[in-house]
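*Asks:* Take a look at query38.cif, mmCIF, C-alpha atoms:
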```cif
data_my_file
#
loop_
_atom_site.label_atom_id
_atom_site.label_comp_id
_atom_site.auth_asym_id
_atom_site.auth_seq_id
_atom_site.Cartn_x
_atom_site.Cartn_y
_atom_site.Cartn_z
CA MET A 1 4.92 6.67 27.48
CA PRO A 2 1.79 4.49 27.38
CA PHE A 3 1.59 1.30 25.33
CA GLY A 4 5.16 0.37 26.29
CA TYR A 5 6.65 2.45 23.48
CA SER A 6 9.52 3.88 25.55
CA ASN A 7 10.65 0.42 26.62
CA TYR A 8 10.34 -0.79 23.03
CA LEU A 9 12.69 1.96 21.86
CA LEU A 10 15.20 1.31 24.63
CA ASN A 11 15.14 -2.41 23.90
CA ASN A 12 15.98 -1.55 20.29
CA ASN A 13 19.15 0.25 21.35
CA LYS A 14 17.80 3.79 21.10
CA SER A 15 19.61 6.27 23.32
CA GLU A 16 17.74 8.11 26.08
CA ASP A 17 18.01 11.34 24.08
CA THR A 18 16.52 9.64 21.03
CA VAL A 19 13.70 8.15 23.11
CA GLU A 20 12.95 11.61 24.54
CA SER A 21 12.83 13.05 21.00
CA TYR A 22 10.47 10.31 19.82
CA ILE A 23 8.14 10.72 22.78
CA LYS A 24 8.11 14.49 22.31
CA THR A 25 6.85 14.14 18.73
CA VAL A 26 4.18 11.60 19.69
CA ASN A 27 2.96 13.86 22.51
CA MET A 28 2.81 16.83 20.11
CA LEU A 29 0.57 14.77 17.83
CA PHE A 30 -1.75 13.93 20.73
CA ILE A 31 -1.90 17.59 21.81
CA PHE A 32 -2.73 18.62 18.24
CA LEU A 33 -5.53 16.03 18.01
CA ASP A 34 -6.90 17.04 21.43
CA ASP A 35 -7.16 20.63 20.22
CA LYS A 36 -8.52 19.68 16.81
CA TYR A 37 -11.31 17.42 18.07
CA GLU A 38 -11.68 18.85 21.60
CA ARG A 39 -11.45 15.30 22.97
CA ARG A 40 -8.99 12.44 23.19
CA LYS A 41 -9.15 10.35 20.02
CA GLU A 42 -8.83 6.58 20.31
CA LEU A 43 -5.74 5.13 18.63
CA TYR A 44 -7.77 3.26 16.04
CA GLN A 45 -9.55 6.48 15.10
CA ILE A 46 -6.37 8.34 14.11
CA SER A 47 -6.20 8.58 10.32
CA ALA A 48 -3.63 9.45 7.69
CA SER A 49 -5.38 12.78 7.19
CA ASP A 50 -4.94 13.53 10.92
CA ILE A 51 -1.19 12.98 10.59
CA LYS A 52 -1.02 15.10 7.42
CA ASP A 53 -2.94 17.87 9.19
CA PHE A 54 -0.47 17.67 12.06
CA LEU A 55 2.48 18.04 9.68
CA LYS A 56 0.74 20.94 7.93
CA TYR A 57 0.15 22.55 11.30
CA LYS A 58 3.85 22.17 12.16
CA GLU A 59 4.67 23.84 8.84
CA LEU A 60 2.23 26.74 9.05
CA SER A 61 2.25 27.38 12.78
CA ASP A 62 5.83 26.52 13.72
CA GLY A 63 7.68 27.13 10.45
CA ASN A 64 9.22 23.64 10.54
CA SER A 65 11.68 22.87 7.74
CA ALA A 66 11.30 19.89 5.43
CA SER A 67 13.96 17.96 7.34
CA THR A 68 12.19 18.60 10.66
CA LEU A 69 8.81 17.58 9.24
CA ASN A 70 10.31 14.42 7.81
CA LYS A 71 11.85 13.64 11.18
CA HIS A 72 8.40 13.94 12.77
CA LEU A 73 6.96 11.73 10.05
CA SER A 74 9.66 9.09 10.49
CA ILE A 75 9.01 8.98 14.23
CA LEU A 76 5.25 8.67 13.73
CA LYS A 77 5.74 5.91 11.18
CA ASN A 78 7.82 4.04 13.77
CA PHE A 79 5.23 4.65 16.50
CA PHE A 80 2.24 3.47 14.49
CA ASP A 81 4.18 0.51 13.11
CA TYR A 82 4.86 -0.47 16.73
CA LEU A 83 1.15 -0.11 17.62
CA GLU A 84 0.24 -2.32 14.67
CA ARG A 85 2.79 -4.95 15.77
CA ILE A 86 1.31 -5.15 19.28
CA HIS A 87 -2.24 -5.18 17.86
CA LYS A 88 -3.33 -1.84 19.29
CA ILE A 89 -4.43 -0.77 15.80
CA ALA A 90 -5.45 -2.77 12.74
CA LEU A 91 -3.76 -0.55 10.13
CA ASP A 92 -0.83 1.87 10.27
CA PRO A 93 -2.22 5.32 9.21
CA ALA A 94 1.28 6.71 8.57
CA ALA A 95 2.56 3.92 6.35
CA LYS A 96 1.71 5.45 2.98
CA ILE A 97 2.40 9.12 3.73
CA ASP A 98 5.14 10.49 1.48
CA THR A 99 8.09 12.51 2.72
CA ILE A 100 7.99 16.32 2.57
CA LYS A 101 9.97 17.99 -0.22
CA HIS A 102 10.00 21.67 0.70
CA ILE A 103 9.38 24.18 3.52
CA LYS A 104 11.13 27.14 5.11
CA MET A 105 12.03 27.56 8.76
CA SER A 106 11.31 30.42 11.14
CA PRO A 107 12.43 31.14 14.71
CA SER A 108 10.36 29.18 17.21
CA PHE A 109 10.61 31.36 20.34
CA LEU A 110 7.62 33.52 21.24
CA ASP A 111 7.51 35.55 24.43
CA TYR A 112 3.90 36.19 25.48
CA ARG A 113 4.93 39.45 27.14
CA SER A 114 5.95 40.83 23.75
CA LEU A 115 2.35 40.40 22.61
CA MET A 116 0.97 42.20 25.64
CA GLU A 117 3.41 45.07 25.07
CA ILE A 118 2.12 45.77 21.56
CA THR A 119 -1.61 45.35 22.31
CA SER A 120 -2.38 49.05 22.72
CA ASP A 121 -0.51 49.90 19.52
CA VAL A 122 -2.36 47.15 17.62
CA LEU A 123 -5.73 48.55 18.76
CA ASN A 124 -4.67 52.07 17.80
CA GLU A 125 -3.28 51.11 14.39
CA ALA A 126 -5.37 53.08 11.90
CA GLY A 127 -4.43 50.82 9.01
CA TYR A 128 -5.86 47.70 10.63
CA THR A 129 -9.41 46.47 10.19
CA ASP A 130 -11.46 45.84 13.30
CA SER A 131 -11.48 42.16 12.38
CA ARG A 132 -7.67 42.02 12.57
CA LYS A 133 -7.75 43.70 15.98
CA ALA A 134 -10.46 41.30 17.20
CA VAL A 135 -8.45 38.28 16.06
CA PHE A 136 -5.44 39.57 17.99
CA LEU A 137 -7.40 40.17 21.21
CA LEU A 138 -8.97 36.72 21.00
CA SER A 139 -5.58 35.12 20.37
CA LEU A 140 -4.24 36.61 23.60
CA LYS A 141 -6.66 34.37 25.52
CA GLY A 142 -5.04 31.25 24.08
CA LEU A 143 -7.97 30.16 21.91
CA ARG A 144 -7.64 26.97 19.88
CA SER A 145 -8.36 27.40 16.17
CA SER A 146 -11.96 26.12 16.31
CA GLU A 147 -12.86 28.57 19.07
CA TYR A 148 -12.57 31.58 16.77
CA HIS A 149 -15.95 30.58 15.31
CA VAL A 150 -17.70 32.70 17.94
CA LYS A 151 -21.41 33.31 17.43
CA LYS A 152 -22.76 36.77 18.20
CA GLU A 153 -25.37 35.29 20.54
CA ASN A 154 -22.52 34.08 22.76
CA VAL A 155 -21.04 37.56 23.25
CA PHE A 156 -22.43 39.30 26.34
CA VAL A 157 -21.83 43.04 26.49
CA SER A 158 -22.20 45.38 29.44
CA GLU A 159 -20.86 48.84 30.17
CA GLU A 160 -17.83 47.56 32.07
CA ARG A 161 -17.01 44.18 30.58
CA VAL A 162 -17.50 41.82 27.67
CA ILE A 163 -17.81 38.07 28.22
CA ILE A 164 -17.48 35.62 25.32
CA ASP A 165 -18.89 32.14 25.92
CA LEU A 166 -16.79 29.54 24.12
CA GLY A 167 -18.75 26.51 25.30
CA LYS A 168 -16.39 24.75 27.69
CA HIS A 169 -15.12 28.03 29.08
CA SER A 170 -15.45 31.78 28.62
CA VAL A 171 -13.09 34.72 28.24
CA GLU A 172 -13.57 38.17 29.72
CA TYR A 173 -12.43 41.61 28.57
CA MET A 174 -12.44 44.82 30.56
CA GLY A 175 -11.28 48.42 30.10
CA ILE A 176 -10.22 49.45 26.60
CA HIS A 177 -10.46 45.85 25.42
CA ALA A 178 -14.12 45.74 26.43
CA ASP A 179 -14.64 49.13 24.77
CA PHE A 180 -13.24 47.71 21.56
CA PHE A 181 -15.57 44.69 21.59
CA ASN A 182 -18.54 46.95 22.38
CA HIS A 183 -17.69 48.90 19.23
CA TYR A 184 -16.97 45.75 17.24
CA MET A 185 -20.29 44.13 18.22
CA PHE A 186 -22.16 47.19 17.02
CA GLN A 187 -20.40 47.01 13.64
CA ALA A 188 -20.87 43.21 13.46
CA HIS A 189 -24.65 43.58 13.53
CA PHE A 190 -24.47 44.81 9.94
CA ASN A 191 -22.58 41.84 8.44
CA MET A 192 -25.72 39.65 8.23
CA SER A 193 -23.98 36.65 9.74
CA GLN A 194 -24.41 34.79 13.01
CA TYR A 195 -20.64 34.82 13.51
CA LEU A 196 -18.51 37.48 15.18
CA LEU A 197 -15.55 36.94 12.83
CA THR A 198 -16.39 36.39 9.17
CA SER A 199 -14.77 35.68 5.82
CA LYS A 200 -16.19 36.02 2.33
CA LYS A 201 -16.17 32.70 0.48
CA GLN A 202 -15.47 32.16 -3.23
CA ASP A 203 -19.20 32.03 -4.00
CA GLY A 204 -19.66 35.43 -2.34
CA SER A 205 -21.40 34.12 0.77
CA ILE A 206 -20.32 35.11 4.29
CA GLY A 207 -19.22 32.43 6.75
CA PRO A 208 -17.05 32.05 9.86
CA MET A 209 -13.50 33.32 9.42
CA GLU A 210 -11.24 30.67 7.90
CA LEU A 211 -8.06 29.53 9.61
CA MET A 212 -5.80 30.85 6.84
CA THR A 213 -7.38 34.29 7.23
CA ILE A 214 -6.69 34.17 10.97
CA HIS A 215 -3.07 33.21 10.25
CA GLY A 216 -2.86 36.10 7.76
CA HIS A 217 -4.05 38.65 10.31
CA LEU A 218 -1.69 37.41 13.02
CA ASN A 219 1.34 37.23 10.75
CA GLY A 220 0.59 40.69 9.37
CA ILE A 221 0.81 42.00 12.94
CA ALA A 222 4.00 40.02 13.59
CA LYS A 223 5.64 41.52 10.52
CA ASP A 224 4.49 45.08 11.19
CA PHE A 225 5.68 45.04 14.79
CA GLY A 226 8.99 43.31 14.10
CA LEU A 227 8.34 40.22 16.21
CA ASN A 228 10.76 38.23 14.02
CA THR A 229 8.62 35.12 14.33
CA LYS A 230 5.42 33.70 12.89
CA LEU A 231 2.19 33.91 14.86
CA SER A 232 -0.62 31.39 14.97
CA PRO A 233 -3.34 30.44 17.47
CA SER A 234 -1.40 27.35 18.55
CA ARG A 235 1.90 29.17 19.04
CA ILE A 236 0.26 31.94 21.05
CA ARG A 237 -1.61 29.30 23.07
CA LEU A 238 1.70 27.65 23.99
CA ALA A 239 3.29 30.99 24.89
CA TYR A 240 0.23 31.85 27.00
CA ALA A 241 0.38 28.51 28.85
CA PHE A 242 4.08 29.06 29.59
CA TYR A 243 3.40 32.60 30.82
CA LEU A 244 0.55 31.52 33.10
CA HIS A 245 2.39 28.62 34.71
CA TYR A 246 6.06 29.59 34.78
CA GLU A 247 5.77 33.36 35.14
CA LEU A 248 2.48 33.92 36.99
CA ASN A 249 2.70 30.60 38.89
CA TYR A 250 -0.83 29.52 38.01
CA LYS A 251 -1.55 25.91 38.89
CA ILE A 252 -2.42 23.34 36.23
CA ASP A 253 -6.03 23.02 37.39
CA THR A 254 -6.49 26.79 37.05
CA ILE A 255 -5.03 26.76 33.54
CA SER A 256 -7.29 23.84 32.55
CA GLU A 257 -10.32 25.88 33.65
CA MET A 258 -9.10 29.01 31.86
CA LEU A 259 -8.56 27.13 28.59
CA GLY A 260 -11.56 24.82 28.87
CA ILE A 261 -9.56 21.59 28.67
CA GLU A 262 -9.02 18.54 30.85
CA TYR A 263 -6.35 18.61 33.56
CA GLU A 264 -4.24 16.02 31.70
CA SER A 265 -4.34 18.04 28.48
CA ALA A 266 -3.39 21.21 30.37
CA ALA A 267 -0.44 19.42 32.00
CA ILE A 268 0.81 18.19 28.62
CA LEU A 269 0.32 21.66 27.11
CA VAL A 270 2.33 23.31 29.89
CA LYS A 271 5.10 20.73 29.61
CA HIS A 272 5.23 21.19 25.84
CA SER A 273 5.30 24.99 26.28
CA LYS A 274 8.42 24.66 28.42
CA LEU A 275 10.14 22.42 25.87
CA ARG A 276 9.26 24.80 23.02
CA THR A 277 10.42 27.86 24.95
CA GLU A 278 13.76 26.25 25.83
CA GLU A 279 14.17 25.06 22.24
CA GLY A 280 13.39 28.53 20.89
CA LYS A 281 15.77 30.24 23.27
CA ASN A 282 18.54 27.85 22.22
CA ILE A 283 17.93 28.74 18.56
CA LEU A 284 18.14 32.45 19.33
CA ASP A 285 21.26 31.96 21.45
CA ASN A 286 22.93 30.03 18.62
CA GLN A 287 21.99 32.73 16.11
CA SER A 288 23.37 35.42 18.43
CA SER A 289 26.65 33.56 18.94
CA GLN A 290 27.04 33.11 15.18
CA VAL A 291 26.56 36.85 14.67
CA VAL A 292 29.20 37.62 17.33
CA GLU A 293 31.67 35.21 15.72
#
```
Could you spell out this file's structure in structure tokens?

*Replies:*
Amino acid sequence: MPFGYSNYLLNNNKSEDTVESYIKTVNMLFIFLDDKYERRKELYQISASDIKDFLKYKELSDGNSASTLNKHLSILKNFFDYLERIHKIALDPAAKIDTIKHIKMSPSFLDYRSLMEITSDVLNEAGYTDSRKAVFLLSLKGLRSSEYHVKKENVFVSEERVIIDLGKHSVEYMGIHADFFNHYMFQAHFNMSQYLLTSKKQDGSIGPMELMTIHGHLNGIAKDFGLNTKLSPSRIRLAYAFYLHYELNYKIDTISEMLGIEYESAAILVKHSKLRTEEGKNILDNQSSQVVE
């Protein structure tokens, strides 16, 4: 861990398991900020609102319980206090953040293959809006939350394929997926917005689809198809990274190009995906053993 934090913890009689847990939380914060700002934030630029957003993300996307969120918060308070002590930052952004008082927990394991298996059924579901189907297809490409704000001018349609330019990278659809986006683009021309995915705001205006709406669509699909876990862009992104590297054997540099991120960020994402998958499988194994008992 940079900044000498690992050695600091060990010198303060923290066990190796505890140090690993602390470093894991700090790395998750950095991954979150990389995705949120699409760049590496300097330490002095990290604010209390960034940390609160991270905790909210862990609640909404990962279903973390209050005790788990408070554990993350305690670790981050320790980390930023350390940075303040060694003069890496002037003020500790976590110092005045209050503990969390509620939250419910959900299973954390998500197998990307389970999403691929239901794709055809999602597209054929008569009760779903085209927007819900579009959100699902975009999520399968591991988009970060901000990348759902696709402008129509960045969608390139041909008879055989659809390419969506996301700035730092692009995603491509073929076959029935391309057919769907061909149809969706035709319908989208009538919504009088520059964005592919839209939401109606409180004042009646149309703007890019809000994150909570995206979460609503994904979790509606999860519930309808019995996935027994919450869905979010970040959770699907992790599952996708795990699938690409550990099941398809894609190299880190290939994954970084596919996701439009730096090599270092892709390496951290893949490592985190492995930790989350192992953690999720352990939860499911424990639940199964309890049922058997």

*Asks:* Determine the nearest neighbour of Met116 of chain A from the options A:Tyr263, A:Ala239, A:Tyr57, A:Asn7, counting all atoms listed in the file.

*Replies:* A:Ala239

*Asks:* Would you compute the distance between atom CA of Glu153 of chain A and atom CA of Met174 of chain A? Give it in Å to one decimal.

*Replies:*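 Computing the Euclidean distance for atom CA of Glu153 of chain A and atom CA of Met174 of chain A yields 18.9 Å.
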
*Asks:* When the PyMOL selection byres ((chain A and resi 151) around 12) is applied to the file above, which residues end up in the set, as JSON, numbers by chain?

*Replies:* {"A": [146, 147, 148, 149, 150, 152, 153, 154, 155, 156, 164, 165, 166, 167, 185, 188, 189, 192, 193, 194, 195, 196, 197, 198, 207, 208, 209]}

*Asks:* What's the separation between atom CA of Tyr5 of chain A and atom CA of Phe32 of chain A, in Å to one decimal place?

*Replies:*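 One can read the atom CA of Tyr5 of chain A to atom CA of Phe32 of chain A distance as 19.4 Å.
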
*Asks:* Please determine, counting only C-alpha atoms, which residue among A:Lys230, A:Phe181, A:Met212, A:Ser199 has the shortest atom-to-atom distance to Asn64 of chain A.

*Replies:*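 Smallest distance to Asn64 of chain A is found for A:Lys230.
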
*Asks:* Would you mind reading off the distance between atom CA of Asn12 of chain A and atom CA of Asp98 of chain A, one decimal, in Å?

*Replies:*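 Distance reported for this atom pair: 24.8 Å.
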
*Asks:* Find the residue from A:Leu143, A:Ile118, A:Leu138, A:Leu211 that sits nearest to Leu227 of chain A; use only C-alpha atoms when measuring.

*Replies:*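 Under the stated criterion, the closest residue is A:Ile118.
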
*Asks:* Which residues are near Leu29 of chain A? Cut-off 12 Å, all atoms listed in the file, ignore same chain within fewer than 6 positions. Put them as a list in words.

*Replies:*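 Close residues of Leu29 of chain A: Tyr22, Ile23, Asp35, Lys36, Arg40, Lys41, Leu43, Ile46, Ser47, Asp50, Ile51, Lys52, Asp53, Phe54, Leu55, Lys56, Tyr57, Lys58, His72, Leu73, Ile75, Leu76, Phe79, Phe80, Ile268, Leu269 and His272 of chain A.
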
*Asks:* List the neighbours of segment 247-250 of chain A out to 12 Å using all atoms listed in the file; skip same-chain residues closer than 2 positions along the sequence, and give me the result as a PyMOL selection string.

*Replies:* chain A and resi 111-113+239-245+252-258+266-267+270+274

*Asks:* Compile the contact shell of Leu91 of chain A as a list in words: residues with an atom at most 9 Å away, counting only C-alpha atoms, same-chain residues fewer than 6 positions apart removed.

*Replies:* Tyr44, Phe80, Asp81, Leu83 and Glu84 of chain A

*Asks:* Given the file above and the PyMOL selection byres ((chain A and resi 216) around 12), which residues are selected, and can you give them as a compact mmCIF listing (two decimals) with C-alpha atoms, keeping the file's coordinate frame?

*Replies:*
```
# COMPACT_ATOMS: atom_id res chain seq x y z
CA LEU A 60 2.23 26.74 9.05
CA SER A 61 2.25 27.38 12.78
CA SER A 131 -11.48 42.16 12.38
CA ARG A 132 -7.67 42.02 12.57
CA VAL A 135 -8.45 38.28 16.06
CA PHE A 136 -5.44 39.57 17.99
CA MET A 209 -13.50 33.32 9.42
CA GLU A 210 -11.24 30.67 7.90
CA LEU A 211 -8.06 29.53 9.61
CA MET A 212 -5.80 30.85 6.84
CA THR A 213 -7.38 34.29 7.23
CA ILE A 214 -6.69 34.17 10.97
CA HIS A 215 -3.07 33.21 10.25
CA HIS A 217 -4.05 38.65 10.31
CA LEU A 218 -1.69 37.41 13.02
CA ASN A 219 1.34 37.23 10.75
CA GLY A 220 0.59 40.69 9.37
CA ILE A 221 0.81 42.00 12.94
CA ALA A 222 4.00 40.02 13.59
CA LYS A 223 5.64 41.52 10.52
CA LYS A 230 5.42 33.70 12.89
CA LEU A 231 2.19 33.91 14.86
CA SER A 232 -0.62 31.39 14.97
CA PRO A 233 -3.34 30.44 17.47
```

*Asks:* Here's a test: counting only C-alpha atoms, identify every protein, DNA and RNA residue with an atom at most 9 Å from (-9.3, 42.5, 25.9) in the file's coordinate frame, and state them as an mmCIF file with C-alpha atoms, keeping the file's coordinate frame.

*Replies:*
```
data_model
loop_
_atom_site.group_PDB
_atom_site.id
_atom_site.type_symbol
_atom_site.label_atom_id
_atom_site.label_comp_id
_atom_site.auth_asym_id
_atom_site.auth_seq_id
_atom_site.Cartn_x
_atom_site.Cartn_y
_atom_site.Cartn_z
ATOM 1 C CA THR A 119 -1.610 45.350 22.310
ATOM 2 C CA ALA A 134 -10.460 41.300 17.200
ATOM 3 C CA LEU A 137 -7.400 40.170 21.210
ATOM 4 C CA LEU A 138 -8.970 36.720 21.000
ATOM 5 C CA LEU A 140 -4.240 36.610 23.600
ATOM 6 C CA LYS A 141 -6.660 34.370 25.520
ATOM 7 C CA VAL A 162 -17.500 41.820 27.670
ATOM 8 C CA VAL A 171 -13.090 34.720 28.240
ATOM 9 C CA GLU A 172 -13.570 38.170 29.720
ATOM 10 C CA TYR A 173 -12.430 41.610 28.570
ATOM 11 C CA MET A 174 -12.440 44.820 30.560
ATOM 12 C CA GLY A 175 -11.280 48.420 30.100
ATOM 13 C CA ILE A 176 -10.220 49.450 26.600
ATOM 14 C CA HIS A 177 -10.460 45.850 25.420
ATOM 15 C CA ALA A 178 -14.120 45.740 26.430
ATOM 16 C CA ASP A 179 -14.640 49.130 24.770
ATOM 17 C CA PHE A 180 -13.240 47.710 21.560
ATOM 18 C CA PHE A 181 -15.570 44.690 21.590
#
```

*Asks:* Have a look at A:Glu20, A:Glu160, A:Asp130, A:Asp224 and name the one nearest to His183 of chain A; count all atoms listed in the file.

*Replies:*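 Looking only at the distances to His183 of chain A, the closest residue turns out to be A:Asp130.
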